[in-house]
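Heads up, the thing below is written out as structure tokens.
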Number of protein chains: 2
Amino acid sequence: MDLPVSQERLREDIERNAEFGAVDVPEGRGRTVRTGSDADRRARDYLVERLEDAGLDVRIDAAGNVGGRWSPLGIGDAAPVAAGSHLDSVPEGGIFDGPLGVYAALEAVRAMREADVSPERPVDVVSFTEEEGGRFASGLLGSSVAAGRRGVEDALELHDGEGVALGDALDGIGYRGDGRLDAAAWDAWLELHVEQSERLEDAGVPVGVVTTITGITHCEVTVAGEANHAGSTPMGDRTDALAAASEFVLDAERAATGRVAADSPAAVGTVGSLDVSPNATNVVPGRVEMGLDVRDVDAASMDAVVDRAEESLARLERERGVETALSRPFDLAPTPMDDRCREALHGAGDDAGIETLDMHSGAAHDTMHVAEVTDAGMLFAPSRDGISHNPLEWTDWADCAAATTVLAGALARLAGD
Amino acid sequence: MDLPVSQERLREDIERNAEFGAVDVPEGRGRTVRTGSDADRRARDYLVERLEDAGLDVRIDAAGNVGGRWSPLGIGDAAPVAAGSHLDSVPEGGIFDGPLGVYAALEAVRAMREADVSPERPVDVVSFTEEEGGRFASGLLGSSVAAGRRGVEDALELHDGEGVALGDALDGIGYRGDGRLDAAAWDAWLELHVEQSERLEDAGVPVGVVTTITGITHCEVTVAGEANHAGSTPMGDRTDALAAASEFVLDAERAATGRVAADSPAAVGTVGSLDVSPNATNVVPGRVEMGLDVRDVDAASMDAVVDRAEESLARLERERGVETALSRPFDLAPTPMDDRCREALHGAGDDAGIETLDMHSGAAHDTMHVAEVTDAGMLFAPSRDGISHNPLEWTDWADCAAATTVLAGALARLAGD
């Protein structure tokens, strides 16, 4: 199948979208698009206009999720295939993270129509509300509603730090619609996203096909020692919470790296936050609180890293006399992608002569929620130097177009042309 | 010489003083006495009353330092010997840290008078302003003026966090006097203080004679890596500033402990403060700033610990690719105590049949400033479990009296009876 994806049209949409919430930075191109902001309204308005220009029927749900449907005459009420991503950004984020997936889905539909593809299923182009999080939730907000993981009313009652409810914020920009986009009603789902690491660039391959989105565990770790005078307390009489915590940081790093050397190259372990009290240069630290992030494509491997973290704490209790505690308040299992979707993506790459590479996703995506209720797949475009969430985030336009070509071909396959 | 030190009289003074700024705590006895507070005024008023009751001539200098002089008739203008400490406290501090040294000096004078000691020099009882620091300076404020290290006018212009000048704060409680107590005019100086560590308790000895007050170096250390996504950045592609900083914390601990094992048992090294940015569980740390405190009785040994800290940073730059910096904004040389004062203290202990033990001080004291301009000595009373700066700080009354007996005997020797 020869699908005439237009690199220029795709680029124009992404560059127009990049104007909304654009920030002035010395290098790169940044934007800040928070849920309910004026930039959010303008980005949504432009998307709706472009969906309608392409002849799609636009629907806004109660959580502000935007859907545009291409439903050719005569296909009845077959379950649609859907594709998309999100338009919001982190503060001073890049211009590709999210918008590439939304406008690539739209470009794929335009290309299918121009190629006179005759699908047996409708095709939905979707933009989810607040994927990045930060104002109303910790992320993946719109997709959690579409997948039924979070109720519509619960979502609308989420409040930001200033007491504003999501429902009112969406009302304020004219994007509180009705009902909900139901991901369970989709026959299949695909999301194109920037890779956010350097594997495609290192391999010289333009498209990645995601095998699994890693699970995520967050552990809260406390190490309690004894705060003491840094001058009058001899080294041998101390129970220094920070020295003990430092051993833990290195043990956690080794636990994840050790697994890399073994059978799970996707494992990562990060002590990203660490707070000392009383945190004065002249006082032996009495208490340290840390946040540990563990991810892998395999749940048992994640458990093994957490086990080793717990063994480290047990050793520190014995050897350094500290008291420790570890809780695991957040634990999301790995999400394998559906075989049918992966095959559609590889097949579309083969059709178009575009090389594809299997890889996992270490970052979380809306597709994690969608995959709970229907067959889902993801593909990646290369990130220059692996940079994202930063105005230096960049994906070459030719790579954007190549990935969009694979997305379009896979949608055509899944839609049954 | 038989000096009739009264444990009961000393205890009454310390317990009355403990009422000023007393805090309600579940265990122990705490007080908060900040410079210029109502508690400070009441503590000073009581001291002045007790000095006058004992027949001493009271003088308040411009920095609020309080002096009470016993000058028997007929001794002319001989240079006085002086003793004392401070009455202010850290927030929720204990009742002995400071007041023991002030009221022991007063009790020593009372005991000398009752024993009809006939000194050849006047004896001064002294209480210095703001030893602990925290409101107007970082500590040792009054003694810095008495030793001429800081000018009177400079001191009076020091401002607290709310813009109040020291001079006005002292005016407010009626303790801005005239001129300055001049430590250089003293023939010798002694300070009794609580030990703040467990060496006397461990040795079962009631009185410590300080050999040297350790020097103090503060280093500011920065480790810069690369902040990155904790999920999408493989372990091998990271420059984790916190993992590198953790190696530094342990290297600094080993550097100080290694010196303990070698020739300098007084060496201590503490990373007391550590701040991570961005400090989020799901972000690989990009930057860490640390405060390192190094102390020893020997300046070359302190330099050696700092050298090893710098070697650690150089290794981390090579092995982990971080960028590092170390500065040394605060550096105070060790202060050896005067031989004549140490001999007077040991001799007084021998006279009274009270065992004394040579030991260094790891904490800073007003005596560091006084020792710059005259012969100075210090003695310690035991701290239960080494605890200080805490309502659980405790020294048995019998130990307070034993140390006061040694102080009185040493003052009598130095005053030339």
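Labeling convention for the structure tokens: chains A, B, ... as they appear, residues from 1 per chain, ligands from 1 in order of appearance.
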
- request: Return as number ranges by chain the full set of residues in range 17-237 of chain A whose backbone-based DSSP assignment is strand (DSSP E).
  value: A: 22-23, 30-31, 57-60, 66-70, 81-86, 123-128, 188-194, 207-213, 215-224, 228-229

message: Can you tell me which residues surround Asn228 in chain A at a distance of at most 8 Å, considering only C-alpha atoms, apart from same-chain residues fewer than 3 positions away, and format the answer as a VMD selection string?
response: (chain A and resid 233 238 283 to 286) or (chain B and resid 387)

- prompt: Can you list, as an MDAnalysis selection string, every protein, DNA or RNA residue that comes within 10 Å of Arg295 in chain A when you count only C-alpha atoms, leaving out same-chain residues fewer than 2 positions away?
  reply: (chainID A and resid 213:218 256 266:270 293 297:299 301:303 305 331:334 362:363) or (chainID B and resid 230:232)

Next, dump the selected residues to file, keeping only N, CA and C atoms, as a compact mmCIF listing (two decimals), in the first residue's frame.
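File produced: result-v2.txt:
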# COMPACT_ATOMS: atom_id res chain seq x y z
N ILE A 213 5.77 -1.61 27.86
CA ILE A 213 6.03 -0.40 28.66
C ILE A 213 6.38 -0.89 30.06
N THR A 214 7.53 -0.45 30.56
CA THR A 214 7.98 -0.97 31.85
C THR A 214 6.98 -0.64 32.95
N GLY A 215 6.96 -1.50 33.97
CA GLY A 215 6.23 -1.19 35.19
C GLY A 215 7.01 -0.15 35.98
N ILE A 216 6.35 0.47 36.94
CA ILE A 216 6.99 1.49 37.79
C ILE A 216 6.64 1.21 39.24
N THR A 217 7.66 1.13 40.07
CA THR A 217 7.47 1.08 41.52
C THR A 217 8.15 2.28 42.13
N HIS A 218 7.44 2.96 43.03
CA HIS A 218 8.10 3.99 43.85
C HIS A 218 8.15 3.48 45.28
N ALA A 256 20.19 -2.40 40.28
CA ALA A 256 19.63 -2.23 38.93
C ALA A 256 20.68 -2.54 37.87
N ALA A 266 16.53 -3.85 30.58
CA ALA A 266 15.64 -2.71 30.71
C ALA A 266 15.58 -2.18 32.14
N ALA A 267 16.12 -2.94 33.12
CA ALA A 267 15.96 -2.55 34.52
C ALA A 267 16.66 -1.22 34.79
N VAL A 268 15.96 -0.35 35.51
CA VAL A 268 16.59 0.88 36.02
C VAL A 268 16.15 1.07 37.47
N GLY A 269 17.05 1.62 38.26
CA GLY A 269 16.76 1.94 39.67
C GLY A 269 17.38 3.29 39.98
N THR A 270 16.59 4.20 40.55
CA THR A 270 17.04 5.58 40.74
C THR A 270 16.62 6.08 42.12
N ASP A 293 12.92 4.92 42.59
CA ASP A 293 12.11 4.61 41.41
C ASP A 293 12.71 3.36 40.76
N VAL A 297 10.69 -4.28 32.42
CA VAL A 297 9.64 -4.88 31.60
C VAL A 297 9.09 -6.14 32.26
N ASP A 298 9.74 -6.59 33.33
CA ASP A 298 9.38 -7.84 33.98
C ASP A 298 9.11 -7.58 35.46
N ALA A 299 7.90 -7.91 35.93
CA ALA A 299 7.52 -7.60 37.31
C ALA A 299 8.41 -8.33 38.31
N SER A 301 11.49 -9.13 38.01
CA SER A 301 12.78 -8.45 38.07
C SER A 301 12.67 -7.17 38.91
N MET A 302 11.54 -6.45 38.80
CA MET A 302 11.33 -5.27 39.64
C MET A 302 11.31 -5.68 41.11
N ASP A 303 10.59 -6.77 41.39
CA ASP A 303 10.54 -7.25 42.78
C ASP A 303 11.94 -7.59 43.28
N VAL A 305 14.79 -6.24 42.39
CA VAL A 305 15.53 -5.02 42.73
C VAL A 305 15.06 -4.48 44.09
N ASP A 331 2.81 1.21 42.62
CA ASP A 331 3.31 0.01 41.96
C ASP A 331 2.43 -0.30 40.75
N LEU A 332 3.00 -0.11 39.58
CA LEU A 332 2.26 -0.33 38.34
C LEU A 332 2.98 -1.44 37.59
N ALA A 333 2.23 -2.49 37.21
CA ALA A 333 2.86 -3.64 36.54
C ALA A 333 3.29 -3.26 35.12
N PRO A 334 4.26 -3.99 34.56
CA PRO A 334 4.63 -3.77 33.16
C PRO A 334 3.43 -4.00 32.23
N GLY A 362 10.70 2.96 28.63
CA GLY A 362 10.98 3.17 30.05
C GLY A 362 10.10 4.26 30.64
N ALA A 363 9.48 5.07 29.80
CA ALA A 363 8.59 6.14 30.27
C ALA A 363 7.15 5.64 30.24
N ALA B 230 14.09 9.18 34.75
CA ALA B 230 14.48 7.98 35.49
C ALA B 230 13.99 6.69 34.81
N GLY B 231 13.05 6.81 33.87
CA GLY B 231 12.56 5.61 33.19
C GLY B 231 13.27 5.35 31.88
N SER B 232 13.47 6.40 31.09
CA SER B 232 13.97 6.17 29.74
C SER B 232 15.48 6.28 29.61

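Residues within 8 Å of Glu198 in chain B, counting only C-alpha atoms and excluding same-chain residues fewer than 4 positions away, are Asp202, Pro382, Ser383, Arg384, Asp385 and Gly386 of chain B.
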
task: Write out as a VMD selection string the residues lying within 12 Å of His389 in chain A, counting only C-alpha atoms and excluding same-chain residues fewer than 6 positions away.
output: (chain A and resid 28 to 32 88 to 98 132 194 to 197 363 383) or (chain B and resid 227 to 229 232 283)

- prompt: Among range 131-369 of chain B, which ones does DSSP place in helix (DSSP H, G or I), written as a VMD selection string?
  reply: chain B and resid 141 to 146 152 to 156 166 to 172 183 to 185 199 to 203 235 to 237 241 to 261 299 to 320 339 to 352 367 to 369

message: Just to confirm, what's the straight-line distance from CA of Asp2 in chain B to CA of Val117 in chain B in Å (one decimal)?
response: 9.8 Å

- request: Fewer than 2 positions away in the same chain doesn't count, so skip those; otherwise give me all residues within 7 Å of Val288 in chain B, counting only C-alpha atoms, as number ranges by chain.
  value: B: 222-224, 241-242, 245, 274-277, 290

Quick one: residues within 10 Å of Met112 in chain A, only C-alpha atoms, excluding same-chain residues fewer than 6 positions away - as a PDB file with all heavy atoms, in the first residue's frame?
ATOM      1  N   MET A   1       0.844  -1.192   0.000  1.00  0.00           N
ATOM      2  CA  MET A   1       0.000   0.000   0.000  1.00  0.00           C
ATOM      3  C   MET A   1       0.887   1.252   0.000  1.00  0.00           C
ATOM      4  O   MET A   1       1.807   1.355   0.777  1.00  0.00           O
ATOM      5  CB  MET A   1      -0.875  -0.021   1.256  1.00  0.00           C
ATOM      6  CG  MET A   1      -2.062   0.899   1.167  1.00  0.00           C
ATOM      7  SD  MET A   1      -2.940   0.837   2.734  1.00  0.00           S
ATOM      8  CE  MET A   1      -2.841  -0.892   3.138  1.00  0.00           C
ATOM      9  N   ASP A   2       0.583   2.169  -0.865  1.00  0.00           N
ATOM     10  CA  ASP A   2       1.374   3.386  -0.974  1.00  0.00           C
ATOM     11  C   ASP A   2       0.602   4.538  -0.342  1.00  0.00           C
ATOM     12  O   ASP A   2      -0.345   5.060  -0.931  1.00  0.00           O
ATOM     13  CB  ASP A   2       1.665   3.691  -2.452  1.00  0.00           C
ATOM     14  CG  ASP A   2       2.619   4.859  -2.587  1.00  0.00           C
ATOM     15  OD1 ASP A   2       3.336   5.150  -1.600  1.00  0.00           O
ATOM     16  OD2 ASP A   2       2.622   5.476  -3.658  1.00  0.00           O
ATOM     17  N   LEU A   3       0.971   4.911   0.868  1.00  0.00           N
ATOM     18  CA  LEU A   3       0.237   5.963   1.583  1.00  0.00           C
ATOM     19  C   LEU A   3       1.011   7.267   1.516  1.00  0.00           C
ATOM     20  O   LEU A   3       2.123   7.369   2.044  1.00  0.00           O
ATOM     21  CB  LEU A   3       0.016   5.549   3.038  1.00  0.00           C
ATOM     22  CG  LEU A   3      -1.006   4.421   3.211  1.00  0.00           C
ATOM     23  CD1 LEU A   3      -0.979   3.876   4.613  1.00  0.00           C
ATOM     24  CD2 LEU A   3      -2.393   4.931   2.857  1.00  0.00           C
ATOM     25  N   PRO A   4       0.420   8.281   0.872  1.00  0.00           N
ATOM     26  CA  PRO A   4       1.145   9.526   0.604  1.00  0.00           C
ATOM     27  C   PRO A   4       1.173  10.482   1.807  1.00  0.00           C
ATOM     28  O   PRO A   4       0.554  11.537   1.794  1.00  0.00           O
ATOM     29  CB  PRO A   4       0.366  10.132  -0.563  1.00  0.00           C
ATOM     30  CG  PRO A   4      -1.042   9.671  -0.312  1.00  0.00           C
ATOM     31  CD  PRO A   4      -0.952   8.321   0.329  1.00  0.00           C
ATOM     32  N   VAL A   5       1.887  10.053   2.854  1.00  0.00           N
ATOM     33  CA  VAL A   5       2.063  10.932   4.021  1.00  0.00           C
ATOM     34  C   VAL A   5       2.834  12.178   3.594  1.00  0.00           C
ATOM     35  O   VAL A   5       3.853  12.076   2.913  1.00  0.00           O
ATOM     36  CB  VAL A   5       2.811  10.170   5.133  1.00  0.00           C
ATOM     37  CG1 VAL A   5       3.406  11.143   6.147  1.00  0.00           C
ATOM     38  CG2 VAL A   5       1.878   9.162   5.791  1.00  0.00           C
ATOM     39  N   LEU A 106      -3.673  12.283  12.653  1.00  0.00           N
ATOM     40  CA  LEU A 106      -4.484  13.033  11.695  1.00  0.00           C
ATOM     41  C   LEU A 106      -3.896  12.916  10.286  1.00  0.00           C
ATOM     42  O   LEU A 106      -4.627  12.673   9.306  1.00  0.00           O
ATOM     43  CB  LEU A 106      -4.558  14.506  12.123  1.00  0.00           C
ATOM     44  CG  LEU A 106      -5.202  15.476  11.119  1.00  0.00           C
ATOM     45  CD1 LEU A 106      -6.634  15.038  10.760  1.00  0.00           C
ATOM     46  CD2 LEU A 106      -5.191  16.909  11.669  1.00  0.00           C
ATOM     47  N   SER A 118     -10.133   1.950   1.716  1.00  0.00           N
ATOM     48  CA  SER A 118     -11.529   1.695   2.088  1.00  0.00           C
ATOM     49  C   SER A 118     -11.565   0.807   3.324  1.00  0.00           C
ATOM     50  O   SER A 118     -11.647  -0.419   3.205  1.00  0.00           O
ATOM     51  CB  SER A 118     -12.266   0.972   0.942  1.00  0.00           C
ATOM     52  OG  SER A 118     -12.217   1.768  -0.221  1.00  0.00           O
ATOM     53  N   PRO A 119     -11.516   1.399   4.511  1.00  0.00           N
ATOM     54  CA  PRO A 119     -11.446   0.595   5.733  1.00  0.00           C
ATOM     55  C   PRO A 119     -12.784  -0.049   6.054  1.00  0.00           C
ATOM     56  O   PRO A 119     -13.841   0.422   5.608  1.00  0.00           O
ATOM     57  CB  PRO A 119     -11.058   1.610   6.801  1.00  0.00           C
ATOM     58  CG  PRO A 119     -11.612   2.896   6.304  1.00  0.00           C
ATOM     59  CD  PRO A 119     -11.528   2.846   4.813  1.00  0.00           C
ATOM     60  N   ALA A 408       0.417   5.090   9.638  1.00  0.00           N
ATOM     61  CA  ALA A 408      -0.692   5.065   8.676  1.00  0.00           C
ATOM     62  C   ALA A 408      -0.885   3.656   8.113  1.00  0.00           C
ATOM     63  O   ALA A 408      -2.015   3.151   8.019  1.00  0.00           O
ATOM     64  CB  ALA A 408      -0.428   6.068   7.548  1.00  0.00           C
ATOM     65  N   GLY A 409       0.223   3.019   7.758  1.00  0.00           N
ATOM     66  CA  GLY A 409       0.129   1.660   7.207  1.00  0.00           C
ATOM     67  C   GLY A 409      -0.451   0.689   8.219  1.00  0.00           C
ATOM     68  O   GLY A 409      -1.271  -0.186   7.880  1.00  0.00           O
ATOM     69  N   LEU A 411      -2.435   1.448  10.790  1.00  0.00           N
ATOM     70  CA  LEU A 411      -3.858   1.740  10.974  1.00  0.00           C
ATOM     71  C   LEU A 411      -4.679   1.146   9.839  1.00  0.00           C
ATOM     72  O   LEU A 411      -5.765   0.590  10.058  1.00  0.00           O
ATOM     73  CB  LEU A 411      -4.082   3.265  11.045  1.00  0.00           C
ATOM     74  CG  LEU A 411      -3.720   3.952  12.359  1.00  0.00           C
ATOM     75  CD1 LEU A 411      -3.834   5.463  12.211  1.00  0.00           C
ATOM     76  CD2 LEU A 411      -4.630   3.454  13.495  1.00  0.00           C
ATOM     77  N   ALA A 412      -4.168   1.268   8.604  1.00  0.00           N
ATOM     78  CA  ALA A 412      -4.882   0.712   7.448  1.00  0.00           C
ATOM     79  C   ALA A 412      -5.019  -0.807   7.594  1.00  0.00           C
ATOM     80  O   ALA A 412      -6.078  -1.384   7.330  1.00  0.00           O
ATOM     81  CB  ALA A 412      -4.152   1.074   6.156  1.00  0.00           C
ATOM     82  N   ASP A 417      -8.330  -2.712   5.636  1.00  0.00           N
ATOM     83  CA  ASP A 417      -8.391  -2.434   4.193  1.00  0.00           C
ATOM     84  C   ASP A 417      -7.856  -3.628   3.417  1.00  0.00           C
ATOM     85  O   ASP A 417      -6.889  -4.254   3.835  1.00  0.00           O
ATOM     86  CB  ASP A 417      -7.578  -1.191   3.855  1.00  0.00           C
ATOM     87  CG  ASP A 417      -7.564  -0.954   2.351  1.00  0.00           C
ATOM     88  OD1 ASP A 417      -8.663  -0.806   1.780  1.00  0.00           O
ATOM     89  OD2 ASP A 417      -6.469  -0.943   1.769  1.00  0.00           O
TER      90      ASP A 417
END

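You can rank B:Arg9, B:Arg121, B:His86, B:Arg176 by their closest distance to Arg59 in chain B using only C-alpha atoms, and at the top of that list sits B:Arg176.
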
query: Using only C-alpha atoms, which of the listed residues (B:Ala401, B:Leu313, B:Val306, B:Val271) sits closest to chain A?
result: B:Val271

field: Point-to-point distance from CA of Met337 in chain A to CA of Thr212 in chain A, Å rounded to tenths
entry: 5.4 Å

query: Quick one: of A:Arg11, A:Arg308, A:Arg149, A:Arg199, who's nearest to Ala252 in chain A, counting only C-alpha atoms?
result: A:Arg308
